[in-house]
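Novice: Please find input-v3.pdb (PDB, C-alpha atoms) on the next line:
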ATOM      1  CA  MET A   1     107.701 -44.781 -37.177
ATOM      2  CA  LEU A   2     105.826 -41.488 -37.308
ATOM      3  CA  LYS A   3     107.871 -38.308 -37.425
ATOM      4  CA  LYS A   4     107.534 -36.047 -34.401
ATOM      5  CA  LEU A   5     105.523 -32.928 -35.205
ATOM      6  CA  SER A   6     106.978 -29.494 -34.511
ATOM      7  CA  GLY A   7     105.197 -26.994 -32.298
ATOM      8  CA  GLU A   8     104.289 -25.012 -35.386
ATOM      9  CA  ARG A   9     102.768 -28.094 -37.031
ATOM     10  CA  LEU A  10     100.813 -28.948 -33.883
ATOM     11  CA  ASP A  11      99.439 -25.405 -33.877
ATOM     12  CA  ALA A  12      98.352 -25.953 -37.493
ATOM     13  CA  VAL A  13      96.617 -29.191 -36.479
ATOM     14  CA  LEU A  14      94.638 -27.456 -33.747
ATOM     15  CA  GLU A  15      93.665 -24.568 -36.024
ATOM     16  CA  ALA A  16      92.539 -27.050 -38.676
ATOM     17  CA  GLY A  17      90.605 -28.961 -36.040
ATOM     18  CA  VAL A  18      88.863 -25.830 -34.801
ATOM     19  CA  GLU A  19      87.698 -25.021 -38.337
ATOM     20  CA  GLU A  20      86.484 -28.561 -39.016
ATOM     21  CA  PHE A  21      84.649 -28.887 -35.702
ATOM     22  CA  ALA A  22      83.119 -25.440 -36.179
ATOM     23  CA  LEU A  23      81.803 -26.449 -39.606
ATOM     24  CA  HIS A  24      80.554 -29.947 -38.805
ATOM     25  CA  GLY A  25      80.356 -30.321 -35.039
ATOM     26  CA  ALA A  26      82.144 -32.925 -32.954
ATOM     27  CA  ALA A  27      80.152 -35.818 -34.414
ATOM     28  CA  GLY A  28      80.366 -34.789 -38.069
ATOM     29  CA  ALA A  29      84.002 -33.653 -38.189
ATOM     30  CA  ASN A  30      86.343 -35.760 -40.334
ATOM     31  CA  MET A  31      89.856 -36.640 -39.176
ATOM     32  CA  ARG A  32      91.095 -37.004 -42.756
ATOM     33  CA  ALA A  33      89.882 -33.486 -43.582
ATOM     34  CA  ILE A  34      91.692 -32.109 -40.530
ATOM     35  CA  ALA A  35      94.893 -33.946 -41.413
ATOM     36  CA  ASP A  36      94.786 -32.746 -45.007
ATOM     37  CA  ARG A  37      94.165 -29.147 -43.967
ATOM     38  CA  ALA A  38      97.053 -29.265 -41.490
ATOM     39  CA  GLY A  39      99.413 -31.099 -43.868
ATOM     40  CA  VAL A  40      99.959 -34.133 -41.633
ATOM     41  CA  SER A  41      99.018 -37.803 -41.728
ATOM     42  CA  VAL A  42      95.877 -39.181 -40.114
ATOM     43  CA  GLY A  43      98.156 -41.482 -38.132
ATOM     44  CA  ALA A  44      99.846 -38.465 -36.583
ATOM     45  CA  LEU A  45      96.499 -37.190 -35.314
ATOM     46  CA  TYR A  46      95.773 -40.477 -33.579
ATOM     47  CA  LYS A  47      99.313 -40.651 -32.184
ATOM     48  CA  TYR A  48      99.087 -37.214 -30.564
ATOM     49  CA  TYR A  49      95.409 -37.060 -29.594
ATOM     50  CA  GLY A  50      94.265 -40.673 -29.289
ATOM     51  CA  ASP A  51      90.975 -40.258 -31.138
ATOM     52  CA  LYS A  52      88.607 -37.625 -32.475
ATOM     53  CA  ASP A  53      87.251 -36.843 -29.019
ATOM     54  CA  GLY A  54      90.790 -36.217 -27.795
ATOM     55  CA  LEU A  55      91.464 -33.820 -30.658
ATOM     56  CA  PHE A  56      88.157 -32.047 -30.065
ATOM     57  CA  ARG A  57      89.089 -31.642 -26.392
ATOM     58  CA  ALA A  58      92.471 -30.179 -27.356
ATOM     59  CA  CYS A  59      90.845 -27.725 -29.787
ATOM     60  CA  LEU A  60      88.325 -26.652 -27.168
ATOM     61  CA  ASP A  61      91.046 -26.132 -24.563
ATOM     62  CA  ARG A  62      92.991 -24.004 -27.031
ATOM     63  CA  SER A  63      89.997 -21.766 -27.680
ATOM     64  CA  LEU A  64      89.255 -21.372 -23.965
ATOM     65  CA  ARG A  65      92.837 -20.372 -23.208
ATOM     66  CA  ALA A  66      92.734 -17.800 -25.986
ATOM     67  CA  VAL A  67      89.555 -16.209 -24.575
ATOM     68  CA  GLN A  68      90.954 -16.128 -21.044
ATOM     69  CA  GLU A  69      94.193 -14.543 -22.242
ATOM     70  CA  ALA A  70      92.263 -11.877 -24.150
ATOM     71  CA  LEU A  71      90.171 -10.986 -21.082
ATOM     72  CA  GLU A  72      93.174 -10.937 -18.768
ATOM     73  CA  GLU A  73      95.120  -8.701 -21.122
ATOM     74  CA  ALA A  74      92.182  -6.294 -21.451
ATOM     75  CA  THR A  75      91.844  -5.820 -17.691
ATOM     76  CA  ARG A  76      95.441  -6.093 -16.521
ATOM     77  CA  ALA A  77      96.062  -2.356 -16.119
ATOM     78  CA  PRO A  78      93.951  -0.517 -13.486
ATOM     79  CA  ALA A  79      91.052   1.562 -14.806
ATOM     80  CA  GLY A  80      87.527   2.718 -14.042
ATOM     81  CA  MET A  81      84.546   0.514 -14.809
ATOM     82  CA  LYS A  82      83.645   2.257 -18.072
ATOM     83  CA  GLU A  83      87.202   1.911 -19.359
ATOM     84  CA  TYR A  84      87.267  -1.751 -18.339
ATOM     85  CA  ALA A  85      84.035  -2.289 -20.284
ATOM     86  CA  ARG A  86      85.484  -0.484 -23.299
ATOM     87  CA  ARG A  87      88.596  -2.670 -23.204
ATOM     88  CA  VAL A  88      86.587  -5.873 -22.922
ATOM     89  CA  ILE A  89      84.352  -4.880 -25.841
ATOM     90  CA  ARG A  90      87.389  -4.073 -27.987
ATOM     91  CA  ALA A  91      89.150  -7.273 -26.937
ATOM     92  CA  MET A  92      86.183  -9.467 -27.822
ATOM     93  CA  LEU A  93      85.631  -7.765 -31.178
ATOM     94  CA  ARG A  94      89.315  -8.189 -31.982
ATOM     95  CA  PHE A  95      89.120 -11.816 -30.857
ATOM     96  CA  SER A  96      86.248 -12.385 -33.274
ATOM     97  CA  ARG A  97      88.293 -10.908 -36.130
ATOM     98  CA  GLU A  98      91.469 -12.814 -35.349
ATOM     99  CA  HIS A  99      89.977 -16.094 -34.123
ATOM    100  CA  GLY A 100      86.733 -16.433 -36.021
ATOM    101  CA  GLY A 101      87.025 -20.216 -36.019
ATOM    102  CA  TYR A 102      87.000 -20.310 -32.216
ATOM    103  CA  VAL A 103      83.829 -18.223 -32.092
ATOM    104  CA  ARG A 104      82.168 -20.361 -34.779
ATOM    105  CA  LEU A 105      83.139 -23.470 -32.794
ATOM    106  CA  TYR A 106      81.395 -22.037 -29.749
ATOM    107  CA  CYS A 107      78.354 -21.193 -31.874
ATOM    108  CA  ALA A 108      78.239 -24.743 -33.296
ATOM    109  CA  ILE A 109      78.409 -26.270 -29.814
ATOM    110  CA  ALA A 110      75.718 -23.939 -28.480
ATOM    111  CA  ALA A 111      73.423 -24.762 -31.418
ATOM    112  CA  SER A 112      73.918 -28.522 -31.240
ATOM    113  CA  GLY A 113      71.781 -29.078 -28.138
ATOM    114  CA  GLY A 114      71.745 -32.310 -26.190
ATOM    115  CA  ALA A 115      73.580 -33.518 -23.114
ATOM    116  CA  ASP A 116      77.046 -33.018 -24.595
ATOM    117  CA  ALA A 117      76.405 -29.330 -25.251
ATOM    118  CA  ALA A 118      74.957 -28.871 -21.766
ATOM    119  CA  GLY A 119      77.998 -30.550 -20.258
ATOM    120  CA  LEU A 120      80.366 -28.227 -22.101
ATOM    121  CA  ALA A 121      78.491 -25.094 -21.028
ATOM    122  CA  GLY A 122      80.211 -24.983 -17.647
ATOM    123  CA  GLU A 123      83.642 -25.081 -19.244
ATOM    124  CA  LEU A 124      82.811 -22.631 -22.020
ATOM    125  CA  GLU A 125      81.024 -20.144 -19.790
ATOM    126  CA  GLY A 126      82.619 -20.678 -16.398
ATOM    127  CA  ALA A 127      85.628 -18.409 -16.774
ATOM    128  CA  ALA A 128      83.716 -15.522 -18.354
ATOM    129  CA  ALA A 129      80.794 -15.846 -15.914
ATOM    130  CA  GLY A 130      83.082 -15.646 -12.901
ATOM    131  CA  PHE A 131      85.143 -12.862 -14.429
ATOM    132  CA  TYR A 132      82.173 -10.622 -15.290
ATOM    133  CA  THR A 133      80.385 -11.267 -11.989
ATOM    134  CA  ARG A 134      83.490 -10.291  -9.989
ATOM    135  CA  PHE A 135      83.989  -7.315 -12.290
ATOM    136  CA  ILE A 136      80.464  -6.048 -11.579
ATOM    137  CA  SER A 137      80.589  -6.795  -7.848
ATOM    138  CA  ALA A 138      83.836  -4.823  -7.544
ATOM    139  CA  GLY A 139      82.185  -1.879  -9.284
ATOM    140  CA  GLN A 140      79.294  -1.990  -6.830
ATOM    141  CA  ASP A 141      81.666  -2.113  -3.872
ATOM    142  CA  ALA A 142      83.527   0.904  -5.267
ATOM    143  CA  GLY A 143      80.265   2.828  -5.697
ATOM    144  CA  ASP A 144      80.695   3.038  -9.489
ATOM    145  CA  LEU A 145      77.741   0.820 -10.373
ATOM    146  CA  ARG A 146      74.155   0.698  -9.207
ATOM    147  CA  ARG A 147      73.645  -1.336  -6.055
ATOM    148  CA  ASP A 148      70.119  -2.550  -6.826
ATOM    149  CA  MET A 149      71.197  -5.149  -9.382
ATOM    150  CA  ASP A 150      72.113  -8.817  -9.209
ATOM    151  CA  PRO A 151      75.753  -9.146 -10.347
ATOM    152  CA  GLY A 152      75.222 -12.623 -11.784
ATOM    153  CA  MET A 153      72.174 -11.572 -13.791
ATOM    154  CA  PHE A 154      73.850  -8.453 -15.141
ATOM    155  CA  ALA A 155      76.965 -10.465 -15.989
ATOM    156  CA  PHE A 156      74.681 -12.772 -17.995
ATOM    157  CA  PHE A 157      73.138  -9.799 -19.829
ATOM    158  CA  PHE A 158      76.554  -8.280 -20.524
ATOM    159  CA  ASP A 159      77.958 -11.538 -21.873
ATOM    160  CA  ASN A 160      74.915 -12.024 -24.109
ATOM    161  CA  LEU A 161      75.518  -8.610 -25.682
ATOM    162  CA  LEU A 162      79.191  -9.383 -26.283
ATOM    163  CA  MET A 163      78.350 -12.819 -27.636
ATOM    164  CA  ALA A 164      75.931 -11.382 -30.190
ATOM    165  CA  ALA A 165      78.567  -8.857 -31.277
ATOM    166  CA  GLN A 166      81.197 -11.569 -31.658
ATOM    167  CA  PHE A 167      78.886 -13.800 -33.675
ATOM    168  CA  ALA A 168      78.084 -10.846 -35.924
ATOM    169  CA  GLY A 169      81.760 -10.601 -36.779
ATOM    170  CA  CYS A 170      82.247 -14.126 -38.088
ATOM    171  CA  CYS A 171      79.011 -16.154 -38.395
ATOM    172  CA  ALA A 172      77.020 -15.724 -41.604
ATOM    173  CA  TYR A 173      73.556 -15.682 -39.998
ATOM    174  CA  TYR A 174      74.549 -13.166 -37.327
ATOM    175  CA  ARG A 175      76.470 -11.047 -39.813
ATOM    176  CA  GLU A 176      73.283 -10.627 -41.840
ATOM    177  CA  ARG A 177      71.275 -10.021 -38.673
ATOM    178  CA  PHE A 178      73.643  -7.190 -37.731
ATOM    179  CA  ARG A 179      73.361  -5.754 -41.244
ATOM    180  CA  LEU A 180      69.554  -5.725 -41.039
ATOM    181  CA  TYR A 181      69.520  -3.911 -37.718
ATOM    182  CA  CYS A 182      72.520  -1.618 -38.152
ATOM    183  CA  GLY A 183      72.804  -1.023 -41.874
ATOM    184  CA  GLY A 184      76.198  -2.479 -42.662
ATOM    185  CA  ALA A 185      78.878  -5.015 -41.848
ATOM    186  CA  LEU A 186      80.266  -5.108 -38.314
ATOM    187  CA  GLU A 187      83.872  -4.617 -39.437
ATOM    188  CA  GLU A 188      82.826  -1.280 -40.956
ATOM    189  CA  GLN A 189      81.106  -0.145 -37.749
ATOM    190  CA  GLU A 190      83.136  -1.380 -34.800
ATOM    191  CA  GLU A 191      83.692   2.116 -33.420
ATOM    192  CA  ARG A 192      79.986   2.863 -33.682
ATOM    193  CA  LEU A 193      79.086  -0.420 -32.000
ATOM    194  CA  GLU A 194      81.532   0.268 -29.168
ATOM    195  CA  ARG A 195      80.178   3.795 -28.660
ATOM    196  CA  GLU A 196      76.508   2.781 -28.663
ATOM    197  CA  LEU A 197      77.032  -0.300 -26.543
ATOM    198  CA  LEU A 198      78.838   1.770 -23.920
ATOM    199  CA  LYS A 199      75.888   4.184 -23.839
ATOM    200  CA  PHE A 200      73.528   1.265 -23.343
ATOM    201  CA  LEU A 201      75.684  -0.231 -20.592
ATOM    202  CA  GLU A 202      76.199   3.069 -18.802
ATOM    203  CA  SER A 203      72.441   3.545 -18.479
ATOM    204  CA  ALA A 204      71.806  -0.058 -17.473
ATOM    205  CA  PHE A 205      74.656  -0.312 -14.966
ATOM    206  CA  THR A 206      74.613   3.085 -13.284
ATOM    207  CA  PHE A 207      71.011   4.249 -12.896
ATOM    208  CA  ALA A 208      69.155   2.679  -9.972
ATOM    209  CA  ALA A 209      65.416   2.151 -10.360
ATOM    210  CA  GLU A 210      64.530   5.036  -8.052
ATOM    211  CA  ASP A 211      66.637   7.410 -10.147
ATOM    212  CA  ILE A 212      64.687   6.731 -13.337
ATOM    213  CA  SER A 213      61.539   8.717 -13.995
ATOM    214  CA  HIS A 214      58.977   8.234 -16.738
ATOM    215  CA  ARG A 215      56.183  10.427 -17.968
ATOM    216  CA  GLN A 216      52.788   9.551 -16.570
ATOM    217  CA  GLY A 217      51.212   6.934 -18.791
ATOM    218  CA  ASP A 218      54.395   6.516 -20.884
ATOM    219  CA  SER A 219      54.620   2.771 -21.297
ATOM    220  CA  MET A 220      55.038  -0.096 -23.686
ATOM    221  CA  CYS A 221      51.760  -1.707 -22.652
ATOM    222  CA  GLY A 222      49.566   1.267 -21.682
ATOM    223  CA  GLU A 223      49.906   0.828 -17.922
ATOM    224  CA  GLY A 224      53.314   2.364 -17.219
ATOM    225  CA  TRP A 225      56.502   0.607 -16.173
ATOM    226  CA  GLU A 226      55.618   0.228 -12.512
TER     227      GLU A 226
END
How does this structure look as C-alpha cells?
Specialist:
Amino acid sequence: MLKKLSGERLDAVLEAGVEEFALHGAAGANMRAIADRAGVSVGALYKYYGDKDGLFRACLDRSLRAVQEALEEATRAPAGMKEYARRVIRAMLRFSREHGGYVRLYCAIAASGGADAAGLAGELEGAAAGFYTRFISAGQDAGDLRRDMDPGMFAFFFDNLLMAAQFAGCCAYYRERFRLYCGGALEEQEERLERELLKFLESAFTFAAEDISHRQGDSMCGEGWE
C-alpha cells in the first residue's frame, strides 16, 4: 500500500513536474524523472494523478492559479492607471524571478504548436486577457486613457510586452535577446525596464491620434504617418 503524501511532498511533485514539462514538453516529459526529482515513487504519481496527462493538467492549473494570485494582489488596493500598470509590471517581473519554471512551461507550450497548444491558449490567456481588457476599459471610462483605442487590442499589446519581459528573466534565448538590445541581464536592470516601459505605455495609452503631431515629411517610409 502506497504511503499518503503530505501537502509539502505534493507541492514538490508539482514543482518537479513543472520543471520537467517546461524542459521536455507534455509529450517528452518522463514520469520517472519527475518522481526522482520530487523524492517519491512513480507509483505515487499514478495514484494521485492517474497518468502523465493528469499530472500535466495539475501542473498547469498550479501555474495558472499562481499568475492569477499575482495579478489580484497587484491590483487589490485602489490606484490610478499608471500605478496599476507599475504594480502589474513589478508583479510579473517578480513572478518570473520566483516562478521561472512556470514561465518556461508557458513558453514551451506556446512554442510546441499543434492543436493541443491551440486548445490550451484559452486557458493560459483567458484570465489575463479579461483582466487587462477590463483594466483598460475602466481607465477609458474614468477619462484616464485615450478613448480612440480598442481595449482588447491594447490589452493584447500590453500582455505581449509583459510576456517578453518575463521570458527575458528566465528563458535562455530571451535572456540573450534582452542583453543584445539593452546591454545587460534583466535582473540587473529591472528598475530601468520598469521606468522605460511605463514611458512607452504612457505615450501609447494616453495620447489620442489627433493629439499627436509630426513634422511635415517626417516618416518611416517617406510619405508621413497619415
Novice: When the PyMOL selection byres ((chain A and resi 149) around 10) is applied to the structure above, which residues does it catch, written out as a short mmCIF file (atom, residue, chain, number, x, y, z; two decimals) with C-alpha atoms, in the coordinates of the input?
Specialist:
data_model
loop_
_atom_site.label_atom_id
_atom_site.label_comp_id
_atom_site.auth_asym_id
_atom_site.auth_seq_id
_atom_site.Cartn_x
_atom_site.Cartn_y
_atom_site.Cartn_z
CA ILE A 136 80.46 -6.05 -11.58
CA SER A 137 80.59 -6.80 -7.85
CA GLN A 140 79.29 -1.99 -6.83
CA LEU A 145 77.74 0.82 -10.37
CA ARG A 146 74.16 0.70 -9.21
CA ARG A 147 73.64 -1.34 -6.06
CA ASP A 148 70.12 -2.55 -6.83
CA ASP A 150 72.11 -8.82 -9.21
CA PRO A 151 75.75 -9.15 -10.35
CA GLY A 152 75.22 -12.62 -11.78
CA MET A 153 72.17 -11.57 -13.79
CA PHE A 154 73.85 -8.45 -15.14
CA ALA A 204 71.81 -0.06 -17.47
CA PHE A 205 74.66 -0.31 -14.97
CA THR A 206 74.61 3.08 -13.28
CA ALA A 208 69.16 2.68 -9.97
CA ALA A 209 65.42 2.15 -10.36
#
Novice: Which residue is closest to Gly101 in chain A? Choose from A:Ala22, A:Ala168, A:Ala128, A:Leu162 and count all atoms listed in the file.
Specialist: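 Answer, going by the shortest atom-to-atom distance: A:Ala22.
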Novice: Could you tell me which residues the PyMOL selection byres ((chain A and resi 89) around 10) returns for this structure, as a list in words?
Specialist: Leu71, Ala74, Glu83, Tyr84, Ala85, Arg86, Arg87, Val88, Arg90, Ala91, Met92, Leu93, Arg94, Phe95, Leu161, Leu162, Ala165, Gln166, Glu190, Leu193, Glu194, Leu197 and Leu198 of chain A
Novice: Could you jot down the CA of Ala111 in chain A to CA of Tyr132 in chain A separation for me, Å, one decimal place?
Specialist: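 Separation of CA of Ala111 in chain A and CA of Tyr132 in chain A: 23.2 Å.
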Novice: Point out the residue among A:Glu196, A:Asp61, A:Glu73, A:Glu8 with the least atom-to-atom distance to Leu120 in chain A, counting only C-alpha atoms.
Specialist: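 Under the stated criterion, the closest residue is A:Asp61.
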Novice: With distances taken over all atoms listed in the file, which of A:Ala66, A:Ala155, A:Ala29, A:Ile109 is nearest to Ala129 in chain A?
Specialist: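 Under the stated criterion, the closest residue is A:Ala155.
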Novice: Between CA of Cys107 in chain A and CA of Val67 in chain A, what distance in Å does the model show, to one decimal?
Specialist: 14.3 Å
Novice: Give me, as a PyMOL selection string, all polymer residues having an atom no more than 10 Å from Lys4 in chain A, counting only C-alpha atoms and skipping those fewer than 4 positions away in the same chain.
Specialist: chain A and resi 9-10+44+47-48
Novice: Could you dump the residues just selected with C-alpha atoms as a PDB file, keeping the file's coordinate frame?
Specialist:
ATOM      1  CA  ARG A   9     102.768 -28.094 -37.031  1.00  0.00           C
ATOM      2  CA  LEU A  10     100.813 -28.948 -33.883  1.00  0.00           C
ATOM      3  CA  ALA A  44      99.846 -38.465 -36.583  1.00  0.00           C
ATOM      4  CA  LYS A  47      99.313 -40.651 -32.184  1.00  0.00           C
ATOM      5  CA  TYR A  48      99.087 -37.214 -30.564  1.00  0.00           C
TER       6      TYR A  48
END
Novice: Kindly give the distance, in Å, that separates CA of Gly122 in chain A and CA of Pro78 in chain A, rounded to a single decimal.
Specialist: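 Taking CA of Gly122 in chain A as the start and CA of Pro78 in chain A as the end point, the length is 28.4 Å.
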Novice: So, counting all atoms listed in the file, which residue among A:Met81, A:Asp53, A:His99, A:Gly169 is closest to Asp141 in chain A?
Specialist: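 Ranked by minimum distance to Asp141 in chain A, first place goes to A:Met81.
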Novice: With all atoms listed in the file as the basis for distance, which of A:Ala164, A:Ala38, A:Ala127, A:Ala185 is at the shortest distance from Ala70 in chain A?
Specialist: A:Ala127
Novice: So, with all atoms listed in the file as the atoms that count, which of A:Leu64, A:Ala35, A:Ala121, A:Leu105 lies closest to Lys52 in chain A?
Specialist: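 Between A:Leu64, A:Ala35, A:Ala121, A:Leu105, the residue approaching Lys52 in chain A most closely is A:Ala35.
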Novice: Given the file above and the PyMOL selection byres ((chain A and resi 33) around 12), which residues are selected, and can you give them as a PDB file with C-alpha atoms, keeping the file's coordinate frame?
Specialist:
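Output file selection02.pdb follows:
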ATOM      1  CA  VAL A  13      96.617 -29.191 -36.479  1.00  0.00           C
ATOM      2  CA  ALA A  16      92.539 -27.050 -38.676  1.00  0.00           C
ATOM      3  CA  GLY A  17      90.605 -28.961 -36.040  1.00  0.00           C
ATOM      4  CA  VAL A  18      88.863 -25.830 -34.801  1.00  0.00           C
ATOM      5  CA  GLU A  19      87.698 -25.021 -38.337  1.00  0.00           C
ATOM      6  CA  GLU A  20      86.484 -28.561 -39.016  1.00  0.00           C
ATOM      7  CA  PHE A  21      84.649 -28.887 -35.702  1.00  0.00           C
ATOM      8  CA  LEU A  23      81.803 -26.449 -39.606  1.00  0.00           C
ATOM      9  CA  HIS A  24      80.554 -29.947 -38.805  1.00  0.00           C
ATOM     10  CA  GLY A  28      80.366 -34.789 -38.069  1.00  0.00           C
ATOM     11  CA  ALA A  29      84.002 -33.653 -38.189  1.00  0.00           C
ATOM     12  CA  ASN A  30      86.343 -35.760 -40.334  1.00  0.00           C
ATOM     13  CA  MET A  31      89.856 -36.640 -39.176  1.00  0.00           C
ATOM     14  CA  ARG A  32      91.095 -37.004 -42.756  1.00  0.00           C
ATOM     15  CA  ILE A  34      91.692 -32.109 -40.530  1.00  0.00           C
ATOM     16  CA  ALA A  35      94.893 -33.946 -41.413  1.00  0.00           C
ATOM     17  CA  ASP A  36      94.786 -32.746 -45.007  1.00  0.00           C
ATOM     18  CA  ARG A  37      94.165 -29.147 -43.967  1.00  0.00           C
ATOM     19  CA  ALA A  38      97.053 -29.265 -41.490  1.00  0.00           C
ATOM     20  CA  GLY A  39      99.413 -31.099 -43.868  1.00  0.00           C
ATOM     21  CA  VAL A  40      99.959 -34.133 -41.633  1.00  0.00           C
ATOM     22  CA  SER A  41      99.018 -37.803 -41.728  1.00  0.00           C
ATOM     23  CA  VAL A  42      95.877 -39.181 -40.114  1.00  0.00           C
ATOM     24  CA  LEU A  45      96.499 -37.190 -35.314  1.00  0.00           C
ATOM     25  CA  LYS A  52      88.607 -37.625 -32.475  1.00  0.00           C
TER      26      LYS A  52
END
Novice: Axis-aligned box over every listed atom of range 97-105 of chain A, padded by 6 Å per side: centre and edges in Å to one decimal, as JSON?
Specialist:
{"center_x": 86.8, "center_y": -17.2, "center_z": -34.1, "size_x": 21.3, "size_y": 24.6, "size_z": 16.0}
